[in-house]
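Okay, final.tsv now, which holds TSV, C-alpha atoms:
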chain	number	residue	atom	x	y	z
A	3	MET	CA	-6.01	-6.91	-48.22
A	4	LYS	CA	-4.08	-5.67	-45.20
A	5	GLU	CA	-6.72	-2.99	-44.62
A	6	ILE	CA	-9.55	-5.57	-44.67
A	7	PHE	CA	-7.71	-7.77	-42.15
A	8	CYS	CA	-7.25	-4.79	-39.79
A	9	ASN	CA	-10.93	-3.87	-40.09
A	10	TYR	CA	-11.86	-7.52	-39.41
A	11	LYS	CA	-9.80	-7.50	-36.18
A	12	LEU	CA	-11.48	-4.27	-35.11
A	13	VAL	CA	-14.97	-5.69	-35.74
A	14	CYS	CA	-14.13	-8.89	-33.84
A	15	PHE	CA	-12.81	-6.91	-30.92
A	16	PHE	CA	-15.96	-4.75	-30.88
A	17	VAL	CA	-18.29	-7.76	-31.01
A	18	VAL	CA	-16.47	-9.79	-28.34
A	19	PHE	CA	-16.17	-7.00	-25.80
A	20	CYS	CA	-19.32	-4.99	-26.47
A	21	PHE	CA	-21.79	-7.80	-27.25
A	22	PRO	CA	-20.63	-10.92	-25.42
A	23	GLY	CA	-24.18	-12.30	-25.47
A	24	ILE	CA	-23.91	-12.93	-29.18
A	25	LEU	CA	-21.12	-15.46	-28.72
A	26	VAL	CA	-22.15	-16.97	-25.37
A	27	ASN	CA	-25.52	-18.08	-24.13
A	28	ASN	CA	-26.03	-15.80	-21.13
A	29	TYR	CA	-29.08	-17.79	-20.07
A	30	ALA	CA	-26.94	-20.22	-18.08
A	31	PHE	CA	-25.08	-17.40	-16.34
A	32	SER	CA	-28.21	-15.51	-15.32
A	33	GLN	CA	-29.93	-18.46	-13.68
A	34	ASP	CA	-28.40	-17.96	-10.20
A	35	SER	CA	-29.36	-14.29	-10.01
A	36	ASN	CA	-32.97	-15.17	-9.14
A	37	MET	CA	-32.21	-18.26	-7.00
A	38	LYS	CA	-33.23	-18.34	-3.37
A	39	LEU	CA	-31.25	-19.90	-0.56
A	40	GLY	CA	-31.64	-23.66	-0.45
A	41	GLU	CA	-32.79	-24.08	-4.07
A	42	GLU	CA	-30.80	-25.93	-6.67
A	43	SER	CA	-28.09	-23.96	-8.41
A	44	TYR	CA	-25.77	-24.41	-11.35
A	45	HIS	CA	-22.90	-23.80	-8.91
A	46	GLN	CA	-23.36	-26.85	-6.71
A	47	SER	CA	-20.36	-28.78	-5.41
A	48	PHE	CA	-19.05	-31.50	-7.69
A	49	ALA	CA	-17.82	-33.57	-4.72
A	50	PRO	CA	-19.12	-37.17	-4.78
A	51	TYR	CA	-19.92	-36.93	-1.05
A	52	ASP	CA	-21.92	-34.64	1.20
A	53	VAL	CA	-19.99	-31.64	2.45
A	54	PRO	CA	-20.06	-31.81	6.29
A	55	ASP	CA	-21.73	-29.00	8.16
A	56	ILE	CA	-19.03	-27.29	10.22
A	57	LEU	CA	-21.50	-25.77	12.65
A	58	GLN	CA	-23.08	-28.93	14.01
A	59	ASP	CA	-24.75	-28.62	17.39
A	60	SER	CA	-21.99	-30.64	19.08
A	61	ASN	CA	-19.29	-28.23	17.79
A	62	VAL	CA	-20.92	-24.95	18.74
A	63	PHE	CA	-20.24	-23.30	22.11
A	64	LYS	CA	-23.45	-21.82	23.51
A	65	PRO	CA	-23.22	-20.32	27.01
A	66	ASP	CA	-26.39	-20.51	29.08
A	67	LYS	CA	-26.13	-16.91	30.22
A	68	VAL	CA	-23.51	-14.25	29.55
A	69	VAL	CA	-22.32	-11.93	32.32
A	70	THR	CA	-19.31	-9.65	32.64
A	71	VAL	CA	-16.70	-9.62	35.39
A	72	LYS	CA	-14.32	-6.86	36.32
A	73	VAL	CA	-10.68	-7.91	35.79
A	74	LYS	CA	-7.94	-6.25	37.79
A	75	GLU	CA	-4.53	-6.41	36.14
A	76	ILE	CA	-1.35	-5.55	38.01
A	77	ILE	CA	2.10	-5.49	36.40
A	78	THR	CA	5.06	-5.22	38.74
A	79	TYR	CA	8.69	-4.70	37.73
A	80	GLU	CA	11.82	-2.95	38.94
A	81	VAL	CA	13.47	0.05	37.31
A	82	PRO	CA	16.62	1.91	38.40
A	83	VAL	CA	16.18	5.55	39.45
A	84	ASP	CA	18.39	8.35	40.73
A	85	GLN	CA	18.46	8.15	44.55
A	86	GLU	CA	18.45	11.95	44.92
A	87	GLU	CA	15.23	12.19	42.90
A	88	LEU	CA	13.72	9.41	44.98
A	89	ASN	CA	14.67	11.10	48.29
A	90	SER	CA	13.38	14.50	47.13
A	91	ASN	CA	10.10	13.03	45.78
A	92	THR	CA	10.73	14.46	42.31
A	93	LEU	CA	10.27	11.24	40.31
A	94	ASP	CA	7.95	11.49	37.32
A	95	ILE	CA	6.49	9.01	34.85
A	96	ASN	CA	9.55	9.24	32.58
A	97	ASP	CA	11.69	7.88	35.42
A	98	LEU	CA	9.47	4.80	35.60
A	99	GLU	CA	9.45	4.00	31.86
A	100	ILE	CA	11.52	1.17	30.47
A	101	ASN	CA	12.16	0.21	26.83
A	102	ASP	CA	11.95	-3.37	25.64
A	103	VAL	CA	15.05	-4.33	23.68
A	104	THR	CA	13.96	-6.18	20.56
A	105	ASN	CA	17.38	-6.15	18.89
A	106	PRO	CA	20.33	-6.20	21.33
A	107	ASP	CA	22.70	-5.48	18.42
A	108	ASN	CA	21.46	-1.86	18.54
A	109	ILE	CA	23.19	-1.39	21.90
A	110	ASN	CA	26.96	-1.31	21.43
A	111	PHE	CA	28.36	-1.76	24.93
A	112	HIS	CA	31.87	-0.92	23.77
A	113	GLN	CA	30.80	2.65	22.96
A	114	VAL	CA	28.06	3.31	25.55
A	115	ASP	CA	28.52	3.53	29.30
A	116	CYS	CA	26.16	1.55	31.45
A	117	PHE	CA	25.26	3.06	34.85
A	118	TYR	CA	23.32	0.05	35.98
A	119	PHE	CA	23.02	-3.61	35.05
A	120	GLY	CA	20.83	-6.07	36.88
A	121	GLU	CA	18.63	-9.09	36.57
A	122	VAL	CA	14.99	-8.23	37.15
A	123	SER	CA	11.62	-9.94	37.13
A	124	LYS	CA	8.31	-8.78	35.78
A	125	VAL	CA	5.16	-10.17	37.38
A	126	GLN	CA	1.74	-9.91	35.78
A	127	THR	CA	-1.32	-10.69	37.86
A	128	LYS	CA	-4.93	-10.80	36.68
A	129	SER	CA	-7.73	-11.35	39.13
A	130	ALA	CA	-11.48	-11.52	38.78
A	131	GLU	CA	-14.45	-13.00	40.63
A	132	GLY	CA	-12.85	-15.79	42.65
A	133	VAL	CA	-9.74	-16.43	40.53
A	134	ARG	CA	-6.23	-15.00	40.42
A	135	CYS	CA	-3.69	-15.82	37.71
A	136	THR	CA	-0.01	-14.90	37.73
A	137	ARG	CA	2.87	-15.24	35.31
A	138	ILE	CA	6.53	-14.18	35.55
A	139	ARG	CA	9.37	-13.40	33.20
A	140	LYS	CA	13.00	-12.62	33.88
A	141	GLY	CA	15.15	-10.06	32.13
A	142	ASN	CA	18.44	-8.16	32.03
A	143	GLN	CA	18.10	-4.45	32.63
A	144	TYR	CA	20.45	-1.62	31.60
A	145	TRP	CA	20.54	2.09	32.36
A	146	LEU	CA	22.66	3.61	29.62
A	147	SER	CA	24.59	6.90	29.61
A	148	ASP	CA	22.27	8.35	26.96
A	149	GLY	CA	19.41	8.13	29.50
A	150	ARG	CA	17.68	5.06	28.08
A	151	LYS	CA	16.52	2.38	30.47
A	152	CYS	CA	16.32	-0.89	28.59
A	153	VAL	CA	15.48	-4.47	29.38
A	154	GLU	CA	15.94	-7.69	27.45
A	155	TRP	CA	13.05	-9.93	28.50
A	156	GLN	CA	12.93	-13.69	28.33
A	157	SER	CA	9.63	-15.33	27.45
A	158	TRP	CA	6.73	-15.41	29.91
A	159	SER	CA	6.13	-18.39	32.14
A	160	LYS	CA	2.83	-20.23	31.89
A	161	TRP	CA	-0.13	-18.78	33.74
A	162	ASP	CA	-0.54	-20.12	37.28
A	163	CYS	CA	-4.17	-19.79	38.32
A	164	GLY	CA	-5.82	-20.45	41.64
A	165	SER	CA	-9.00	-19.80	43.49
A	166	LEU	CA	-9.33	-16.79	45.81
A	167	ASN	CA	-11.71	-18.81	48.00
A	168	TRP	CA	-9.08	-21.00	49.65
Could you express the structure from this file as structure tokens?
Amino acid sequence: MKEIFCNYKLVCFFVVFCFPGILVNNYAFSQDSNMKLGEESYHQSFAPYDVPDILQDSNVFKPDKVVTVKVKEIITYEVPVDQEELNSNTLDINDLEINDVTNPDNINFHQVDCFYFGEVSKVQTKSAEGVRCTRIRKGNQYWLSDGRKCVEWQSWSKWDCGSLNW
């Protein structure tokens, strides 16, 4: 009896997974495979109201004509440098780099000497055909004894835009 029950389970498993069409009418599931866009489907919404069209003409931005403009971006900030290198014109790009401090807990000021500390500003300017926009942020800058130049920035101000045709 136990052997018949095991064989029955095996046959059921084989039928369900190998021949699912025997147990289920696949006709209903195959109907949408030949449907064309806009025709009725078995997968229509069951909502009792019309689903609004998100892309109505009043909601869609359509420019009359698209052109490109050249944008000039200038970022200005201060960074401490060795005065001897400045006087001898031996500064390189590494002297001008500065690291943003994302976690001030990584800098332990009780164990690291600081050659320089100062409050600095960073100015970002973007200009294009007839408009110039500027924003500013303040920060605290450190030049540490391990050679890292770091700054803790505050958040940016809002963009201040004006016409270049004044």
Near region 145-152 of chain A, 6 Å: region 104-133 of chain A residue rows, closest pairs, only C-alpha atoms, as JSON lines:
{"residue": "A:Asp115", "atom": "CA", "partner": "A:Ser147", "partner_atom": "CA", "distance": 5.2}
{"residue": "A:Cys116", "atom": "CA", "partner": "A:Leu146", "partner_atom": "CA", "distance": 4.5}
{"residue": "A:Phe117", "atom": "CA", "partner": "A:Trp145", "partner_atom": "CA", "distance": 5.4}
{"residue": "A:Tyr118", "atom": "CA", "partner": "A:Trp145", "partner_atom": "CA", "distance": 5.0}
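If you count all atoms listed in the file and ignore residues fewer than 6 places along the chain from region 158-165 of chain A, what sits within 12 Å of it is Ser123, Lys124, Val125, Gln126, Thr127, Lys128, Ser129, Ala130, Glu131, Gly132, Val133, Arg134, Cys135, Thr136, Arg137, Ile138, Arg139, Lys140 and Gly141 of chain A.
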Checklist entry - Which of these residues is nearest to Val83 (chain A), using all atoms listed in the file: A:Ile109, A:Val71, A:Leu98, A:Val153? => result A:Leu98
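As for CA of Ile77 (chain A) and CA of Asn108 (chain A), they are spaced 26.6 Å apart.
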Item to check | Atomic distance CA of Glu99 (chain A) - CA of Pro82 (chain A), expressed in Å with one decimal | outcome: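 Answer for the CA of Glu99 (chain A) to CA of Pro82 (chain A) separation: 9.9 Å.
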Checklist entry - For the atom pair CA of Trp155 (chain A) and CA of Ile76 (chain A), what is the interatomic distance in Å to one decimal place? => result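 Answer for the CA of Trp155 (chain A) to CA of Ile76 (chain A) separation: 17.8 Å.
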The centre and edge lengths of an axis-aligned box containing all atoms of region 102-110 of chain A present in the file, extended by 8 Å on each side, are to be given in Å to one decimal, as JSON.
{"center_x": 19.5, "center_y": -3.8, "center_z": 22.0, "size_x": 31.0, "size_y": 20.9, "size_z": 23.2}
